[in-house]
Each structure stands twice: as C-alpha cells, then as structure tokens.
Amino acid sequence: MMALLEVSDLVVSYDAFPVLQGISFEVGEGEVCVLLGLNGAGKTTTVSTVAGLLRPRSGRVQFDGDDLGRRSPSARVAAGISLCPEGRRVFPRLTVRQNLRLGAWTRRREPKLVRRQFDLVLDYFPRLAEREGQLAGTLSGGEQQTLAVGRAMMSRPRLLLIDEASLGLSPTVARTVWEVTARIAADGTTVLMVEQSAGALAFADRALIMEKGTLVYSGVGDELRDVNLREAYLGAG
Ligand SMILES: Nc1ncnc2c1ncn2[C@@H]1O[C@H](COP(=O)(O)OP(=O)(O)O)[C@@H](O)[C@H]1O
Ligand SMILES: [Mg+2]
C-alpha cells in the first residue's frame, strides 16, 4: 500500500534541545492511525510539524510522494492536510456556521464543494446542525470539540490530523467523537489522531507509541488490546 504520509528522520527542537529525536513513520492511504504517548512525549510537536506550523531541524515530511519542504501551513491545507489542533480552539463569538465556513477558506473559490462539505459535516455531527446559528462559545465542551473537527473537515482534506480530541470529554462523548472519526475515514479521509487514551485503539487500524521524542512502538491496534503490552507502553490498564 502506498503511504499517503511519510515522515523520515524528523528532528524538531524548540531551542537547543531536540524534542523529536529523528522519528520515522508512515500513514497509509485510508488508514486510521493513532499516535499515543504520555504528556510531553512530542505528539503535538509531530502533528504541528506535519501541518507546517513548526520547521524541522532536519528530516523530511512527504505527502502523496511530494516532499513538503518549507511549504507554508496554508499551502499544506490546499494540498490536502488539515489539522484540528489541541484544545478545541473554536471562535467563541462566531456562530457554528461561521466557524465552519472559516475552515473552508482555502476552498473559497469552490462554493459547490464548500456547500457539500458543510452538509457532510452537519451530517456527521447532527447536534451542530441543530445549533447552526448558535455562538460557539455557548456550546458544551463536547460540542465545541466536534465543531473543531468539523471545521478541519471543511477544507475537504485527504489527511486529517486530530490532536487529542478526547481531552476533557466524558468517555461517552469521547467515544462518539471516535465513532465519527472512523466514519470520516470510511468515507475516504485518512486520519492520524493523537491520543493519550488507549480507548482510541478500538477505532484505529494502527498505533504508534511515542516516548520522550522517539517512537517506541508501531503496530496494528489489535496487538495493543493485549493488556500486558498496553501496560508496558502506556502505563495504564
Ligand atoms: N513552545 C514550546 N517551547 C519549548 N518547549 C516546548 C514547546 N512546546 C512543547 N515543548 C516541549 O516539547 C516536549 C514535547 O511537547 P509536546 O509535543 O507538546 O508533547 P505532547 O503533545 O506529547 O504532550 C515537551 O517536553 C514540552 O515541554
Ligand atoms: Mg499535545
């Protein structure tokens, strides 16, 4: 299978000390891949670099066979990479509809496509459909998270990066978000999701585990349902 995303020997540092110490991994077209690891492992740094928000010191990010080099974040969105960032950053004083439309900025000359994506997102998240005209700041935490995922979907990405969608959500709401993520993937969008919760494994084809800026495990999610493995890598039952 052709890798849609290929990360090779990626080194990223904030100042002198490298946070990512030369990581390599691939995400295949159509896959749901979950990137797990404890706080501070380097997960956000990884997806931020793929999205072009951070410049690597060395190494390479290839998308659909192209080296992304120093391409800007918006050029990457146009190429088909969309990031739903950590901390569900919606615009609180804008409505649900306005928040979603902002996600379609790179598609602003394609009104038909934007309308189709808009309907698709509201179909994924019916509660947002009921609240189209409501200010985003008045939504519940779970609804804001789905709005952030929906906004990232508005550019019609080929690769959706989701950074800790389940953070601060109840297990039930987290499961709903993961279920929709699986549906998004089934509809043809490749997904790389960052999580701290092993609960996400049930919704992923493959898992990567990160520890202190290195990848310590890569394998099929099924293996990780093994409790011993899970304890060894994630320190949790
Ligand atoms: N803006 C920053 N400046 C300096 N260090 C940072 C910055 N952001 C993250 N770090 C450090 O980089 C490491 C990895 O962080 P991060 O990628 O956010 O991890 P994770 O998402 O897995 O919790 C941590 O040690 C963190 O303290
Ligand atoms: Mg993070």
# chains A, B, ... in the order shown; residues from 1 in each chain; ligands from 1
call {"tool": "residues_near_ligand", "arguments": {"ligand": "ligand 1", "cutoff": "9 Å", "atoms": "only C-alpha atoms and all ligand atoms", "output": "PyMOL selection string"}}
result
chain A and resi 13-15+17-20+36-48+86+163-164+194-196+210-213
call {"tool": "write_last_selection", "arguments": {"atoms": "C-alpha atoms", "output": "PDB file, in the first residue's frame"}}
result
ATOM      1  CA  SER A  13      13.608  21.421  18.562  1.00  0.00           C
ATOM      2  CA  TYR A  14      12.154  24.481  20.250  1.00  0.00           C
ATOM      3  CA  ASP A  15      15.558  25.855  21.198  1.00  0.00           C
ATOM      4  CA  PHE A  17      17.416  20.647  22.771  1.00  0.00           C
ATOM      5  CA  PRO A  18      15.772  18.394  20.182  1.00  0.00           C
ATOM      6  CA  VAL A  19      12.232  17.425  21.174  1.00  0.00           C
ATOM      7  CA  LEU A  20      11.777  14.987  18.289  1.00  0.00           C
ATOM      8  CA  LEU A  36      -0.268   7.554  21.631  1.00  0.00           C
ATOM      9  CA  GLY A  37       2.008   8.738  24.382  1.00  0.00           C
ATOM     10  CA  LEU A  38       2.114  10.441  27.735  1.00  0.00           C
ATOM     11  CA  ASN A  39       2.108  14.191  28.276  1.00  0.00           C
ATOM     12  CA  GLY A  40       5.252  15.788  26.860  1.00  0.00           C
ATOM     13  CA  ALA A  41       6.156  12.845  24.613  1.00  0.00           C
ATOM     14  CA  GLY A  42       6.186  15.016  21.480  1.00  0.00           C
ATOM     15  CA  LYS A  43       2.825  14.186  19.871  1.00  0.00           C
ATOM     16  CA  THR A  44       1.691  17.789  19.329  1.00  0.00           C
ATOM     17  CA  THR A  45       5.154  18.692  18.022  1.00  0.00           C
ATOM     18  CA  THR A  46       4.838  15.863  15.488  1.00  0.00           C
ATOM     19  CA  VAL A  47       1.457  16.824  14.039  1.00  0.00           C
ATOM     20  CA  SER A  48       2.299  20.561  14.175  1.00  0.00           C
ATOM     21  CA  GLU A  86      -5.164  20.589  20.598  1.00  0.00           C
ATOM     22  CA  ASP A 163      -4.753  16.408  18.266  1.00  0.00           C
ATOM     23  CA  GLU A 164      -6.317  14.980  21.453  1.00  0.00           C
ATOM     24  CA  VAL A 194      -3.163  11.939  18.664  1.00  0.00           C
ATOM     25  CA  GLU A 195      -4.485  10.476  21.906  1.00  0.00           C
ATOM     26  CA  GLN A 196      -3.463   9.777  25.463  1.00  0.00           C
ATOM     27  CA  MET A 210       5.843   7.823  21.429  1.00  0.00           C
ATOM     28  CA  GLU A 211       8.110   8.252  24.431  1.00  0.00           C
ATOM     29  CA  LYS A 212      10.387  11.241  25.020  1.00  0.00           C
ATOM     30  CA  GLY A 213      10.559  12.242  21.376  1.00  0.00           C
TER      31      GLY A 213
END
call {"tool": "residues_around", "arguments": {"residues": "Val27 (chain A)", "least_positions_apart": "6", "cutoff": "9 Å", "atoms": "only C-alpha atoms", "output": "PyMOL selection string"}}
result
chain A and resi 2-7+33+190-192+206
call {"tool": "write_last_selection", "arguments": {"atoms": "C-alpha atoms", "output": "PDB file, in the first residue's frame"}}
result
ATOM      1  CA  MET A   2       1.150   3.493  -0.889  1.00  0.00           C
ATOM      2  CA  ALA A   3       1.934   5.718   2.075  1.00  0.00           C
ATOM      3  CA  LEU A   4      -0.034   8.960   1.974  1.00  0.00           C
ATOM      4  CA  LEU A   5       2.153  10.470   4.673  1.00  0.00           C
ATOM      5  CA  GLU A   6       5.793   9.570   5.088  1.00  0.00           C
ATOM      6  CA  VAL A   7       7.851  11.098   7.878  1.00  0.00           C
ATOM      7  CA  CYS A  33      -3.587   5.695  12.732  1.00  0.00           C
ATOM      8  CA  THR A 190      -7.006   9.259   6.019  1.00  0.00           C
ATOM      9  CA  VAL A 191      -6.748  10.053   9.734  1.00  0.00           C
ATOM     10  CA  LEU A 192      -3.818  10.472  12.097  1.00  0.00           C
ATOM     11  CA  ARG A 206      -2.680   1.024  13.521  1.00  0.00           C
TER      12      ARG A 206
END
call {"tool": "closest_residue", "arguments": {"among": "A:Arg101, A:Arg109, A:Arg88, A:Arg76", "to": "ligand 2", "atoms": "only C-alpha atoms and all ligand atoms"}}
result
A:Arg88
call {"tool": "closest_residue", "arguments": {"among": "A:Gly87, A:Gln145, A:Gln21, A:Gly133", "to": "ligand 2", "atoms": "only C-alpha atoms and all ligand atoms"}}
result
A:Gly87
call {"tool": "residues_around", "arguments": {"residues": "Arg175 (chain A)", "least_positions_apart": "4", "cutoff": "10 Å", "atoms": "only C-alpha atoms", "output": "short mmCIF file (atom, residue, chain, number, x, y, z; two decimals) with N, CA, C and O atoms, in the first residue's frame"}}
result
data_model
loop_
_atom_site.label_atom_id
_atom_site.label_comp_id
_atom_site.auth_asym_id
_atom_site.auth_seq_id
_atom_site.Cartn_x
_atom_site.Cartn_y
_atom_site.Cartn_z
N SER A 166 -10.23 13.84 22.56
CA SER A 166 -10.97 13.33 23.71
C SER A 166 -10.62 14.01 25.02
O SER A 166 -11.25 13.76 26.05
N LEU A 169 -13.16 15.24 27.75
CA LEU A 169 -14.53 14.81 27.45
C LEU A 169 -14.88 13.58 28.28
O LEU A 169 -14.01 12.81 28.67
N SER A 170 -16.18 13.38 28.52
CA SER A 170 -16.61 12.17 29.20
C SER A 170 -16.35 10.99 28.28
O SER A 170 -16.28 11.16 27.06
N PRO A 171 -16.20 9.77 28.84
CA PRO A 171 -15.95 8.60 27.99
C PRO A 171 -17.00 8.43 26.90
O PRO A 171 -16.67 8.05 25.77
N GLU A 179 -16.12 7.52 17.02
CA GLU A 179 -17.00 6.84 16.06
C GLU A 179 -17.13 7.66 14.78
O GLU A 179 -17.07 7.12 13.67
N VAL A 180 -17.30 8.97 14.95
CA VAL A 180 -17.41 9.83 13.76
C VAL A 180 -16.08 9.84 13.01
O VAL A 180 -16.06 9.81 11.78
N THR A 181 -14.98 9.83 13.74
CA THR A 181 -13.66 9.77 13.11
C THR A 181 -13.54 8.52 12.23
O THR A 181 -13.07 8.59 11.10
N GLY A 199 -8.38 4.03 24.91
CA GLY A 199 -9.72 3.79 24.38
C GLY A 199 -9.82 4.03 22.88
O GLY A 199 -10.68 3.46 22.20
N ALA A 200 -8.92 4.87 22.35
CA ALA A 200 -8.95 5.20 20.92
C ALA A 200 -8.53 4.01 20.06
O ALA A 200 -8.83 3.96 18.87
N ALA A 202 -9.54 1.04 19.79
CA ALA A 202 -10.63 0.28 19.20
C ALA A 202 -11.08 0.88 17.87
O ALA A 202 -11.73 0.21 17.08
N PHE A 203 -10.74 2.14 17.62
CA PHE A 203 -11.20 2.83 16.42
C PHE A 203 -10.08 3.01 15.40
O PHE A 203 -10.27 3.68 14.39
#
call {"tool": "residues_around", "arguments": {"residues": "Gly80 (chain A)", "least_positions_apart": "4", "cutoff": "9 Å", "atoms": "only C-alpha atoms", "output": "number ranges by chain"}}
result
A: 63, 75-76, 155-160
call {"tool": "write_last_selection", "arguments": {"atoms": "all heavy atoms", "output": "PDB file, in the first residue's frame"}}
result
ATOM      1  N   PHE A  63       4.181  14.006   1.428  1.00  0.00           N
ATOM      2  CA  PHE A  63       2.741  13.806   1.337  1.00  0.00           C
ATOM      3  C   PHE A  63       2.406  13.396  -0.088  1.00  0.00           C
ATOM      4  O   PHE A  63       2.737  14.112  -1.029  1.00  0.00           O
ATOM      5  CB  PHE A  63       2.016  15.102   1.709  1.00  0.00           C
ATOM      6  CG  PHE A  63       0.519  14.994   1.663  1.00  0.00           C
ATOM      7  CD1 PHE A  63      -0.149  14.161   2.553  1.00  0.00           C
ATOM      8  CD2 PHE A  63      -0.218  15.711   0.741  1.00  0.00           C
ATOM      9  CE1 PHE A  63      -1.538  14.053   2.527  1.00  0.00           C
ATOM     10  CE2 PHE A  63      -1.607  15.607   0.702  1.00  0.00           C
ATOM     11  CZ  PHE A  63      -2.262  14.782   1.593  1.00  0.00           C
ATOM     12  N   ALA A  75      -0.473  26.392   2.405  1.00  0.00           N
ATOM     13  CA  ALA A  75      -0.178  25.591   1.203  1.00  0.00           C
ATOM     14  C   ALA A  75      -0.422  24.114   1.500  1.00  0.00           C
ATOM     15  O   ALA A  75      -0.851  23.356   0.634  1.00  0.00           O
ATOM     16  CB  ALA A  75       1.261  25.817   0.764  1.00  0.00           C
ATOM     17  N   ARG A  76      -0.156  23.708   2.734  1.00  0.00           N
ATOM     18  CA  ARG A  76      -0.382  22.305   3.102  1.00  0.00           C
ATOM     19  C   ARG A  76      -1.872  21.993   3.185  1.00  0.00           C
ATOM     20  O   ARG A  76      -2.313  20.911   2.822  1.00  0.00           O
ATOM     21  CB  ARG A  76       0.321  21.965   4.414  1.00  0.00           C
ATOM     22  CG  ARG A  76       1.844  21.951   4.225  1.00  0.00           C
ATOM     23  CD  ARG A  76       2.603  21.736   5.518  1.00  0.00           C
ATOM     24  NE  ARG A  76       3.971  22.198   5.345  1.00  0.00           N
ATOM     25  CZ  ARG A  76       5.055  21.514   5.678  1.00  0.00           C
ATOM     26  NH1 ARG A  76       4.957  20.340   6.264  1.00  0.00           N
ATOM     27  NH2 ARG A  76       6.253  22.018   5.461  1.00  0.00           N
ATOM     28  N   SER A 155     -12.154  21.890   4.691  1.00  0.00           N
ATOM     29  CA  SER A 155     -11.254  22.076   3.549  1.00  0.00           C
ATOM     30  C   SER A 155     -11.200  20.813   2.680  1.00  0.00           C
ATOM     31  O   SER A 155     -10.434  20.742   1.741  1.00  0.00           O
ATOM     32  CB  SER A 155      -9.854  22.446   4.048  1.00  0.00           C
ATOM     33  OG  SER A 155      -9.338  21.398   4.855  1.00  0.00           O
ATOM     34  N   ARG A 156     -12.006  19.840   3.029  1.00  0.00           N
ATOM     35  CA  ARG A 156     -12.036  18.530   2.350  1.00  0.00           C
ATOM     36  C   ARG A 156     -10.640  17.922   2.252  1.00  0.00           C
ATOM     37  O   ARG A 156     -10.081  17.722   1.172  1.00  0.00           O
ATOM     38  CB  ARG A 156     -12.635  18.650   0.951  1.00  0.00           C
ATOM     39  CG  ARG A 156     -12.983  17.290   0.366  1.00  0.00           C
ATOM     40  CD  ARG A 156     -13.925  17.452  -0.817  1.00  0.00           C
ATOM     41  NE  ARG A 156     -14.312  16.163  -1.330  1.00  0.00           N
ATOM     42  CZ  ARG A 156     -13.832  15.652  -2.489  1.00  0.00           C
ATOM     43  NH1 ARG A 156     -12.979  16.323  -3.204  1.00  0.00           N
ATOM     44  NH2 ARG A 156     -14.245  14.487  -2.889  1.00  0.00           N
ATOM     45  N   PRO A 157     -10.049  17.651   3.430  1.00  0.00           N
ATOM     46  CA  PRO A 157      -8.680  17.130   3.444  1.00  0.00           C
ATOM     47  C   PRO A 157      -8.598  15.683   2.961  1.00  0.00           C
ATOM     48  O   PRO A 157      -9.581  14.951   3.025  1.00  0.00           O
ATOM     49  CB  PRO A 157      -8.297  17.198   4.925  1.00  0.00           C
ATOM     50  CG  PRO A 157      -9.597  17.064   5.647  1.00  0.00           C
ATOM     51  CD  PRO A 157     -10.608  17.774   4.788  1.00  0.00           C
ATOM     52  N   ARG A 158      -7.408  15.314   2.497  1.00  0.00           N
ATOM     53  CA  ARG A 158      -7.135  13.891   2.248  1.00  0.00           C
ATOM     54  C   ARG A 158      -6.541  13.280   3.501  1.00  0.00           C
ATOM     55  O   ARG A 158      -6.616  12.078   3.714  1.00  0.00           O
ATOM     56  CB  ARG A 158      -6.140  13.738   1.088  1.00  0.00           C
ATOM     57  CG  ARG A 158      -6.758  14.060  -0.251  1.00  0.00           C
ATOM     58  CD  ARG A 158      -5.739  13.890  -1.346  1.00  0.00           C
ATOM     59  NE  ARG A 158      -5.312  12.488  -1.474  1.00  0.00           N
ATOM     60  CZ  ARG A 158      -4.243  12.116  -2.169  1.00  0.00           C
ATOM     61  NH1 ARG A 158      -3.503  13.019  -2.787  1.00  0.00           N
ATOM     62  NH2 ARG A 158      -3.911  10.842  -2.235  1.00  0.00           N
ATOM     63  N   LEU A 159      -5.871  14.126   4.305  1.00  0.00           N
ATOM     64  CA  LEU A 159      -5.295  13.679   5.574  1.00  0.00           C
ATOM     65  C   LEU A 159      -5.777  14.608   6.684  1.00  0.00           C
ATOM     66  O   LEU A 159      -5.546  15.817   6.649  1.00  0.00           O
ATOM     67  CB  LEU A 159      -3.765  13.720   5.512  1.00  0.00           C
ATOM     68  CG  LEU A 159      -3.029  13.429   6.828  1.00  0.00           C
ATOM     69  CD1 LEU A 159      -3.243  11.975   7.277  1.00  0.00           C
ATOM     70  CD2 LEU A 159      -1.531  13.708   6.698  1.00  0.00           C
ATOM     71  N   LEU A 160      -6.480  14.035   7.646  1.00  0.00           N
ATOM     72  CA  LEU A 160      -6.972  14.804   8.787  1.00  0.00           C
ATOM     73  C   LEU A 160      -6.128  14.469  10.008  1.00  0.00           C
ATOM     74  O   LEU A 160      -6.014  13.302  10.393  1.00  0.00           O
ATOM     75  CB  LEU A 160      -8.445  14.454   9.041  1.00  0.00           C
ATOM     76  CG  LEU A 160      -9.113  15.075  10.270  1.00  0.00           C
ATOM     77  CD1 LEU A 160      -9.182  16.596  10.155  1.00  0.00           C
ATOM     78  CD2 LEU A 160     -10.519  14.499  10.466  1.00  0.00           C
TER      79      LEU A 160
END
call {"tool": "closest_residue", "arguments": {"among": "A:Leu161, A:Ile184, A:Val220, A:Val173", "to": "Leu208 (chain A)", "atoms": "only C-alpha atoms"}}
result
A:Val220
call {"tool": "closest_residue", "arguments": {"among": "A:Gly30, A:Ser24, A:Glu143, A:Ile162", "to": "ligand 2", "atoms": "only C-alpha atoms and all ligand atoms"}}
result
A:Ile162
call {"tool": "atom_distance", "arguments": {"atom1": "CA of Ile23 (chain A)", "atom2": "CA of Val77 (chain A)"}}
result
22.7 Å
call {"tool": "closest_residue", "arguments": {"among": "A:Arg183, A:Arg115, A:Arg55, A:Arg93", "to": "Ser72 (chain A)", "atoms": "only C-alpha atoms"}}
result
A:Arg55
